[in-house]
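Below: upload.txt (compact mmCIF, C-alpha atoms)
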```
# COMPACT_ATOMS: atom_id res chain seq x y z
CA MET A 1 6.20 -26.75 53.09
CA ASN A 2 9.72 -25.48 53.84
CA VAL A 3 12.69 -25.97 51.53
CA SER A 4 14.14 -29.01 53.29
CA ASP A 5 10.74 -30.74 53.29
CA ALA A 6 10.30 -29.96 49.60
CA ILE A 7 13.69 -31.43 48.72
CA GLU A 8 13.01 -34.49 50.87
CA ARG A 9 9.72 -35.01 49.06
CA MET A 10 11.51 -34.74 45.70
CA ARG A 11 14.05 -37.32 46.88
CA LEU A 12 11.26 -39.70 47.82
CA ASP A 13 9.58 -39.19 44.45
CA LYS A 14 12.90 -39.83 42.72
CA LYS A 15 13.33 -43.05 44.71
CA ASN A 16 9.92 -44.31 43.57
CA PHE A 17 10.19 -42.84 40.06
CA SER A 18 10.27 -45.16 37.07
CA CYS A 19 8.94 -45.31 33.53
CA ASN A 20 7.89 -48.69 32.19
CA VAL A 21 6.82 -49.11 28.58
CA VAL A 22 4.40 -52.03 28.49
CA ASP A 23 2.05 -53.70 26.07
CA PHE A 24 -1.64 -52.79 26.42
CA ASN A 25 -2.40 -56.50 26.53
CA ASN A 26 0.00 -57.14 29.42
CA ILE A 27 -1.72 -54.80 31.89
CA ASN A 28 -4.11 -56.28 34.44
CA TYR A 29 -6.41 -54.38 36.80
CA ILE A 30 -6.72 -56.09 40.17
CA ARG A 31 -8.35 -55.25 43.51
CA SER A 32 -7.39 -56.55 46.93
CA SER A 33 -9.05 -55.33 50.14
CA GLY A 34 -10.55 -52.42 48.26
CA ILE A 35 -7.18 -51.15 47.00
CA ALA A 36 -6.89 -50.65 43.27
CA ARG A 37 -3.64 -51.86 41.74
CA VAL A 38 -2.24 -52.46 38.28
CA GLU A 39 -0.15 -55.49 37.44
CA PHE A 40 2.07 -55.52 34.38
CA GLU A 41 4.97 -57.47 32.96
CA VAL A 42 8.36 -56.00 32.09
CA ASN A 43 11.38 -57.58 30.43
CA THR A 44 14.48 -57.82 32.60
CA PRO A 45 17.95 -59.29 31.85
CA ILE A 46 16.85 -62.53 33.50
CA GLY A 47 13.47 -62.67 31.79
CA PRO A 48 9.91 -61.31 32.19
CA GLU A 49 8.97 -59.99 35.63
CA LYS A 50 5.54 -59.10 36.97
CA ARG A 51 5.16 -55.87 38.95
CA LYS A 52 2.26 -54.42 40.90
CA TYR A 53 1.67 -50.78 41.79
CA LEU A 54 -1.04 -48.73 43.43
CA LEU A 55 -3.19 -46.90 40.90
CA SER A 56 -3.77 -43.19 41.61
CA LEU A 57 -6.90 -41.25 40.72
CA GLU A 58 -4.74 -39.22 38.33
CA ALA A 59 -3.85 -42.43 36.55
CA TYR A 60 -7.55 -43.30 36.42
CA ALA A 61 -8.09 -40.00 34.64
CA ALA A 62 -5.32 -40.79 32.18
CA ILE A 63 -6.89 -44.15 31.42
CA CYS A 64 -10.21 -42.41 30.89
CA ALA A 65 -8.54 -40.09 28.41
CA PHE A 66 -7.11 -43.03 26.49
CA ALA A 67 -10.46 -44.82 26.57
CA ASN A 68 -12.42 -41.79 25.35
CA LYS A 69 -10.56 -38.97 23.61
CA GLU A 70 -13.68 -36.79 23.80
CA LEU A 71 -13.52 -36.50 27.59
CA SER A 72 -12.52 -32.96 28.52
CA SER A 73 -9.90 -32.21 31.16
CA SER A 74 -12.53 -30.56 33.36
CA LEU A 75 -14.64 -33.71 33.28
CA LEU A 76 -11.64 -35.90 34.07
CA ASN A 77 -10.93 -33.81 37.16
CA GLU A 78 -14.42 -34.64 38.42
CA ILE A 79 -14.01 -38.40 38.10
CA ASP A 80 -13.33 -39.44 41.66
CA ASP A 81 -15.83 -42.25 42.10
CA ASP A 82 -14.03 -45.56 42.36
CA GLY A 83 -16.80 -47.51 40.68
CA ILE A 84 -16.95 -45.29 37.58
CA ALA A 85 -13.18 -45.33 37.27
CA GLU A 86 -13.08 -49.11 37.56
CA LEU A 87 -15.65 -49.51 34.79
CA LEU A 88 -13.58 -47.26 32.54
CA VAL A 89 -10.40 -49.12 33.41
CA ASN A 90 -11.97 -52.46 32.61
CA SER A 91 -13.36 -51.08 29.36
CA PHE A 92 -9.95 -49.73 28.42
CA LEU A 93 -8.09 -52.94 29.26
CA THR A 94 -10.53 -55.35 27.62
CA GLU A 95 -11.67 -53.47 24.53
CA LEU A 96 -8.43 -51.87 23.39
CA GLY A 97 -5.73 -54.19 22.16
CA GLY A 98 -2.19 -53.82 20.89
CA GLY A 99 0.16 -50.90 21.14
CA GLU A 100 2.40 -49.69 23.93
CA ILE A 101 1.86 -47.35 26.82
CA GLN A 102 4.23 -45.80 29.39
CA LEU A 103 3.41 -46.21 33.08
CA VAL A 104 4.98 -43.46 35.18
CA THR A 105 5.37 -44.10 38.91
CA GLY A 106 5.82 -41.72 41.82
CA THR A 107 4.95 -41.55 45.52
CA ALA A 108 1.46 -41.96 46.99
CA LYS A 109 0.24 -38.78 48.72
CA ASP A 110 -0.74 -40.52 51.96
CA SER A 111 2.13 -43.01 52.16
CA ASP A 112 5.67 -43.66 50.96
CA GLU A 113 4.50 -46.40 48.61
CA ALA A 114 5.19 -46.27 44.91
CA VAL A 115 2.10 -45.53 42.85
CA ILE A 116 1.30 -45.24 39.16
CA VAL A 117 0.65 -41.54 38.65
CA SER A 118 0.04 -41.48 34.91
CA LEU A 119 -0.23 -43.44 31.70
CA ILE A 120 1.20 -41.60 28.71
CA ASP A 121 2.58 -42.07 25.24
CA ALA A 122 5.44 -44.54 25.13
CA ASN A 123 7.79 -41.96 23.55
CA GLN A 124 7.16 -39.15 26.06
CA VAL A 125 10.18 -38.08 28.14
CA VAL A 126 9.45 -37.66 31.87
CA ILE A 127 11.91 -36.08 34.32
CA PRO A 128 11.79 -36.27 38.13
CA ASP A 129 11.62 -32.88 39.88
CA LEU A 130 14.86 -33.59 41.74
CA ASP A 131 16.85 -33.94 38.51
CA ILE A 132 15.68 -30.51 37.36
CA PHE A 133 16.37 -29.03 40.80
CA ASP A 134 19.91 -30.46 40.74
CA ALA A 135 20.52 -29.29 37.17
CA VAL A 136 19.51 -25.71 38.02
CA SER A 137 21.20 -25.69 41.44
CA HIS A 138 24.51 -26.61 39.85
CA ILE A 139 24.51 -23.37 37.86
CA VAL A 140 27.10 -21.35 39.75
CA GLU A 141 26.57 -18.21 37.70
CA VAL A 142 23.73 -17.11 35.45
CA ASN A 143 24.85 -14.10 33.43
CA GLY A 144 27.14 -13.03 36.24
CA VAL A 145 24.72 -13.72 39.14
CA LYS A 146 24.47 -16.49 41.69
CA LEU A 147 21.43 -18.38 42.92
CA ASP A 148 20.22 -16.98 46.22
CA ASP A 149 17.17 -18.95 47.30
CA PHE A 150 14.79 -21.74 46.33
CA ILE A 151 11.05 -21.84 46.99
CA GLU A 152 8.77 -24.62 45.81
CA THR A 153 5.25 -23.39 45.23
CA THR A 154 2.46 -24.99 47.19
CA ASP A 155 0.63 -26.47 44.22
CA GLY A 156 1.86 -28.39 41.23
CA HIS A 157 5.54 -28.82 40.46
CA ILE A 158 6.79 -25.25 40.09
CA MET A 159 10.28 -24.57 41.41
CA ARG A 160 10.96 -20.90 42.04
CA PHE A 161 14.51 -19.60 42.36
CA THR A 162 15.82 -16.13 43.17
CA THR A 163 19.30 -14.83 42.40
CA ASP A 164 21.52 -12.37 44.25
CA ARG A 165 20.93 -9.77 41.55
CA GLU A 166 19.01 -6.79 42.94
CA GLU A 167 18.04 -3.30 41.79
CA ASP A 168 16.69 -0.36 43.79
CA VAL A 169 14.03 1.10 41.49
CA ARG A 170 13.22 3.93 43.92
CA PRO A 171 16.49 4.77 45.70
CA GLU A 172 14.89 7.59 47.72
CA VAL A 173 12.80 5.09 49.70
CA GLY A 174 14.58 1.79 49.07
CA ASP A 175 12.28 -0.16 46.77
CA VAL A 176 14.43 -3.17 45.88
CA ILE A 177 13.49 -5.89 43.39
CA GLN A 178 15.26 -9.21 43.00
CA SER A 179 15.78 -11.23 39.83
CA GLY A 180 14.55 -14.80 39.67
CA PHE A 181 12.94 -17.49 37.55
CA GLU A 182 10.45 -20.36 37.74
CA VAL A 183 10.81 -23.85 36.32
CA PHE A 184 7.62 -25.81 35.75
CA ASN A 185 7.94 -29.56 35.44
CA SER A 186 5.28 -32.12 34.69
CA PRO A 187 6.64 -35.27 36.36
CA LYS A 188 3.55 -37.10 35.11
CA GLY A 189 4.48 -36.31 31.52
CA TYR A 190 1.29 -34.44 30.61
CA GLY A 191 2.85 -31.14 29.53
CA PRO A 192 6.14 -29.54 28.54
CA CYS A 193 8.77 -28.31 30.93
CA SER A 194 9.01 -24.52 30.84
CA VAL A 195 10.96 -21.61 32.30
CA SER A 196 9.60 -18.16 33.17
CA SER A 197 11.02 -14.94 34.57
CA TYR A 198 10.21 -14.12 38.19
CA ILE A 199 10.70 -10.85 40.08
CA LYS A 200 10.50 -10.56 43.86
CA ARG A 201 9.87 -7.18 45.51
CA LEU A 202 11.72 -7.28 48.81
CA VAL A 203 9.89 -4.41 50.53
CA CYS A 204 6.70 -6.46 50.83
CA THR A 205 7.73 -9.87 49.41
CA ASN A 206 5.42 -9.40 46.44
CA GLY A 207 6.26 -11.53 43.44
CA MET A 208 5.32 -11.60 39.78
CA THR A 209 5.95 -14.22 37.13
CA ARG A 210 5.93 -13.95 33.36
CA THR A 211 3.57 -16.12 31.32
CA ASP A 212 4.19 -15.47 27.64
CA THR A 213 7.92 -16.23 27.47
CA LYS A 214 7.89 -19.85 28.52
CA ILE A 215 10.25 -22.05 26.54
CA LYS A 216 8.73 -25.43 25.82
CA THR A 217 11.25 -28.24 25.89
CA ARG A 218 9.79 -31.70 26.26
CA ALA A 219 8.26 -31.85 22.78
CA ALA A 220 11.55 -30.79 21.20
CA ALA A 221 13.71 -33.60 22.57
CA THR A 222 13.61 -37.33 23.11
CA ASP A 223 16.11 -37.70 25.96
CA GLN A 224 16.47 -36.29 29.46
CA ALA A 225 19.97 -34.80 29.02
CA THR A 226 18.86 -32.65 26.08
CA ILE A 227 15.86 -31.33 28.00
CA LEU A 228 17.97 -30.47 31.06
CA ASN A 229 20.43 -28.57 28.85
CA MET A 230 17.55 -26.68 27.24
CA ILE A 231 16.24 -25.76 30.71
CA ARG A 232 19.67 -24.40 31.66
CA ASP A 233 19.76 -22.32 28.48
CA ALA A 234 16.24 -21.05 29.13
CA VAL A 235 17.23 -19.96 32.65
CA THR A 236 20.07 -17.89 31.19
CA ILE A 237 17.68 -16.26 28.70
CA GLU A 238 15.06 -15.43 31.33
CA CYS A 239 17.59 -13.94 33.76
CA SER A 240 19.09 -11.80 30.99
CA LYS A 241 15.78 -9.91 30.72
CA PHE A 242 16.14 -8.40 34.18
CA ASN A 243 17.72 -5.15 32.94
CA GLU A 244 14.84 -4.58 30.51
CA ASP A 245 12.32 -5.27 33.28
CA VAL A 246 14.03 -2.75 35.57
CA LEU A 247 13.72 -0.03 32.93
CA ARG A 248 10.07 -0.91 32.38
CA ILE A 249 9.34 -0.77 36.11
CA LYS A 250 10.91 2.68 36.31
CA ASP A 251 8.57 3.74 33.48
CA LEU A 252 5.58 2.43 35.46
CA ILE A 253 6.72 4.35 38.54
CA GLY A 254 6.58 7.56 36.49
CA MET A 255 3.13 6.84 34.99
CA GLU A 256 0.54 8.85 36.90
CA VAL A 257 -2.87 7.25 37.41
CA PRO A 258 -5.44 9.86 38.53
CA ASN A 259 -8.10 7.19 39.22
CA PRO A 260 -6.40 4.02 40.56
CA GLU A 261 -9.68 2.22 41.27
CA ALA A 262 -10.84 2.63 37.66
CA MET A 263 -7.47 1.41 36.39
CA ILE A 264 -7.52 -1.63 38.67
CA ARG A 265 -10.99 -2.54 37.41
CA SER A 266 -9.77 -2.06 33.82
CA VAL A 267 -6.82 -4.41 34.45
CA GLY A 268 -9.07 -6.93 36.20
CA SER A 269 -11.46 -6.95 33.25
CA GLU A 270 -8.64 -7.22 30.69
CA PHE A 271 -7.05 -10.25 32.34
CA GLY A 272 -10.15 -12.03 33.62
CA ILE A 273 -9.60 -11.44 37.34
CA PRO A 274 -12.65 -12.35 39.48
CA ASP A 275 -14.49 -9.37 40.99
CA ARG A 276 -13.61 -10.66 44.47
CA ASP A 277 -9.87 -10.39 43.79
CA THR A 278 -10.25 -7.08 41.95
CA ASP A 279 -12.03 -5.63 45.00
CA LEU A 280 -9.19 -6.87 47.21
CA ALA A 281 -6.68 -5.16 44.91
CA ILE A 282 -8.61 -1.89 45.23
CA GLN A 283 -8.38 -2.21 49.00
CA ALA A 284 -4.65 -2.98 48.78
CA ILE A 285 -3.80 0.16 46.78
CA SER A 286 -4.13 2.27 49.95
CA GLN A 287 -1.43 0.27 51.76
CA GLU A 288 1.29 2.12 49.87
CA PRO A 289 -0.02 5.70 49.50
CA ASP A 290 3.25 7.01 48.04
CA ILE A 291 2.77 4.91 44.87
CA ALA A 292 -1.03 4.62 44.88
CA ASN A 293 -1.42 7.05 41.96
CA SER A 294 1.05 5.28 39.65
CA MET A 295 1.00 2.20 37.45
CA TRP A 296 3.62 0.71 39.77
CA GLY A 297 1.09 1.03 42.57
CA VAL A 298 -1.62 -0.57 40.44
CA LEU A 299 0.68 -3.50 39.60
CA ASN A 300 1.57 -4.03 43.24
CA SER A 301 -2.05 -3.89 44.34
CA PHE A 302 -2.56 -7.19 42.47
CA THR A 303 0.68 -8.85 43.58
CA ARG A 304 0.02 -7.76 47.18
CA VAL A 305 -3.32 -9.62 47.11
CA ALA A 306 -1.39 -12.65 45.83
CA ASN A 307 0.29 -12.80 49.25
CA ASN A 308 -3.09 -13.59 50.83
CA ALA A 309 -2.65 -17.17 52.06
CA SER A 310 -6.42 -17.61 52.40
CA LEU A 311 -6.85 -17.49 48.61
CA PRO A 312 -6.45 -20.69 46.54
CA TRP A 313 -2.96 -21.13 45.15
CA LYS A 314 -4.11 -20.96 41.51
CA ALA A 315 -5.82 -17.62 42.15
CA ARG A 316 -2.70 -16.27 43.85
CA HIS A 317 -0.44 -17.42 41.03
CA LYS A 318 -2.75 -15.85 38.46
CA LEU A 319 -2.48 -12.52 40.28
CA GLN A 320 1.31 -12.83 40.19
CA ARG A 321 1.11 -13.41 36.45
CA VAL A 322 -1.06 -10.32 36.06
CA GLY A 323 1.77 -8.32 37.63
CA TYR A 324 4.10 -9.31 34.82
CA ASP A 325 1.32 -8.91 32.27
CA ILE A 326 1.03 -5.25 33.30
CA LEU A 327 4.80 -4.94 32.95
CA ASP A 328 4.72 -6.40 29.44
CA LYS A 329 1.46 -4.89 28.20
CA GLU A 330 1.28 -1.72 26.13
CA ILE A 331 -0.31 1.02 28.24
CA ASP A 332 -2.09 3.74 26.28
CA ARG A 333 -3.32 7.20 27.13
CA CYS A 334 -6.82 7.94 25.83
CA GLU A 335 -6.91 10.92 23.46
CA SER A 336 -10.46 11.77 24.54
CA CYS A 337 -10.25 11.71 28.34
CA GLY A 338 -6.50 11.63 28.90
CA SER A 339 -6.58 8.56 31.19
CA LEU A 340 -4.23 5.60 31.01
CA HIS A 341 -5.78 2.28 30.08
CA ILE A 342 -4.93 -1.32 29.20
CA GLY A 343 -6.82 -3.07 26.43
CA THR A 344 -10.39 -2.01 25.63
CA HIS A 345 -11.26 1.41 27.06
CA ASN A 346 -14.86 2.53 27.59
CA HIS A 347 -15.84 6.02 28.74
```
Show this structure as structure tokens.
Amino acid sequence: MNVSDAIERMRLDKKNFSCNVVDFNNINYIRSSGIARVEFEVNTPIGPEKRKYLLSLEAYAAICAFANKELSSSLLNEIDDDGIAELLVNSFLTELGGGEIQLVTGTAKDSDEAVIVSLIDANQVVIPDLDIFDAVSHIVEVNGVKLDDFIETTDGHIMRFTTDREEDVRPEVGDVIQSGFEVFNSPKGYGPCSVSSYIKRLVCTNGMTRTDTKIKTRAAATDQATILNMIRDAVTIECSKFNEDVLRIKDLIGMEVPNPEAMIRSVGSEFGIPDRDTDLAIQAISQEPDIANSMWGVLNSFTRVANNASLPWKARHKLQRVGYDILDKEIDRCESCGSLHIGTHNH
């Protein structure tokens, strides 16, 4: 999906976006020509009005969660049978009474029709992706830098931005990195909005994203304006860390790794990387022989594999996170054998 398509999709979602707080007892599950819909009543200035929306499988899962708090998220993801979902919906609507619930609408994946995408707590604040995109795009300067590019990731609702701030960490060969950040939004209201640092390596378009510095916002506010302001502040904080990251990268460039394959396996084990991806990283280390025997080379062996479009997006994003994990992690030199290692070290 290119940038213009991503923005157009966000505009469509915004057009269909709404949050309706309704009474449990006022929700009806109906089926017409095999299409599942939910009917509910909302109060308008001219009186009560009935509305009908398509019901997505994600909303089925949310209903299942409300009906049975013991259902795990992994089990919910497996509920795709219409009959099972309908039984759970009927059970939820008939056996639970009273209280309020928020119906969040968006756009159906296979049409432009509005669809209920989730059912969440009545007090949860939900923000359309486009509002966050606009809020961030309107930042002219972030600590003295300007936004350079926008890339929406292929899975989920992660908006990735780069700035025009660059640093050549190896001037003799031209190894330039670019400052950026990611904003994760949950337009279905399931999780908090968050902001993470992102670094793009221009020589091979590798990227890495931080995981342990996310700033949770949704739970800390009850209105959209406050959350958007917190996101702007978080962007400023994340971009301000670029200088520290540059210094750390230069340290990694100077760290000699006599046995890159062993180090890559150590990193893979420490961060739970599947053997398949670890093996690919070992193969990738040879693509840049001038840094192969350094921690910078080890880091980029993982982020280079993350460029492999044949891998699932979640696996690729995890590899990008491992890149930043290496940057943030304490790297020790074993007193017994003299080798560098991350985490547990076995001889």
Would you mind listing what lies within 8 Å of range 237-247 of chain A as a ChimeraX atom specification, with all atoms listed in the file counted and same-chain residues fewer than 4 positions away left out? /A:142-143,167,169,179-181,195-197,233,251,327
Write the residues you've just listed into a file as a short mmCIF file (atom, residue, chain, number, x, y, z; two decimals), in the coordinates of the input, and include C-alpha atoms for each of them.
```cif
data_model
loop_
_atom_site.label_atom_id
_atom_site.label_comp_id
_atom_site.auth_asym_id
_atom_site.auth_seq_id
_atom_site.Cartn_x
_atom_site.Cartn_y
_atom_site.Cartn_z
CA VAL A 142 23.73 -17.11 35.45
CA ASN A 143 24.85 -14.10 33.43
CA GLU A 167 18.04 -3.30 41.79
CA VAL A 169 14.03 1.10 41.49
CA SER A 179 15.78 -11.23 39.83
CA GLY A 180 14.55 -14.80 39.67
CA PHE A 181 12.94 -17.49 37.55
CA VAL A 195 10.96 -21.61 32.30
CA SER A 196 9.60 -18.16 33.17
CA SER A 197 11.02 -14.94 34.57
CA ASP A 233 19.76 -22.32 28.48
CA ASP A 251 8.57 3.74 33.48
CA LEU A 327 4.80 -4.94 32.95
#
```
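A straight line drawn from CA of Lys52 in chain A to CA of Phe133 in chain A is 29.0 Å long.
CA of Gly297 in chain A lies 13.7 Å from CA of Arg248 in chain A.
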Could you check the closest approach to Thr226 in chain A for each of A:Phe17, A:Ala36, A:Ile132, A:Glu113 and tell me which residue wins, using all atoms listed in the file? A:Ile132
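Minimum atom-to-atom distances from A:Gln102, A:Asn185, A:Thr107, A:Asn43 to Glu8 in chain A were compared using only C-alpha atoms, and the lowest value belongs to A:Thr107.
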Find the spatial neighbours of Met208 in chain A, counting only C-alpha atoms, within a cut-off of 6 Å - ignore same-chain residues fewer than 3 positions away - and output them as a list in words. Tyr198, Ile199, Gln320, Arg321, Gly323 and Tyr324 of chain A
Could you save those same residues with C-alpha atoms as a PDB file, in the frame of the given file?
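Ended up saving to result_23.pdb:
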```pdb
ATOM      1  CA  TYR A 198      10.210 -14.120  38.190  1.00  0.00           C
ATOM      2  CA  ILE A 199      10.700 -10.850  40.080  1.00  0.00           C
ATOM      3  CA  GLN A 320       1.310 -12.830  40.190  1.00  0.00           C
ATOM      4  CA  ARG A 321       1.110 -13.410  36.450  1.00  0.00           C
ATOM      5  CA  GLY A 323       1.770  -8.320  37.630  1.00  0.00           C
ATOM      6  CA  TYR A 324       4.100  -9.310  34.820  1.00  0.00           C
TER       7      TYR A 324
END
```
Closest to His317 in chain A among A:Gly268, A:Trp296, A:Thr153, A:Leu55, using only C-alpha atoms? A:Thr153
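CA of Val22 in chain A lies 6.7 Å from CA of Val42 in chain A.
Each of A:Ser137, A:Ile158, A:Lys15, A:Arg201 was checked against Lys314 in chain A using all atoms listed in the file; the smallest atom-to-atom distance is that of A:Ile158.
Using all atoms listed in the file, the shortest contact distance between Arg304 in chain A and any of A:Ile273, A:Ala281, A:Ala108, A:Met10 is found at A:Ala281.
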Could you name the residues that touch Arg51 in chain A at 9 Å or less, counting all atoms listed in the file, but leaving out those on the same chain fewer than 5 positions away, as a PyMOL selection string? chain A and resi 38-42
Could the residues in this selection be written to a file with C-alpha atoms, as a CSV table (one decimal), keeping the file's coordinate frame?
```csv
chain,number,residue,atom,x,y,z
A,38,VAL,CA,-2.2,-52.5,38.3
A,39,GLU,CA,-0.2,-55.5,37.4
A,40,PHE,CA,2.1,-55.5,34.4
A,41,GLU,CA,5.0,-57.5,33.0
A,42,VAL,CA,8.4,-56.0,32.1
```
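You can rank A:Asp277, A:Glu100, A:Glu270, A:Glu182 by their closest distance to Ile151 in chain A using all atoms listed in the file, and at the top of that list sits A:Glu182.
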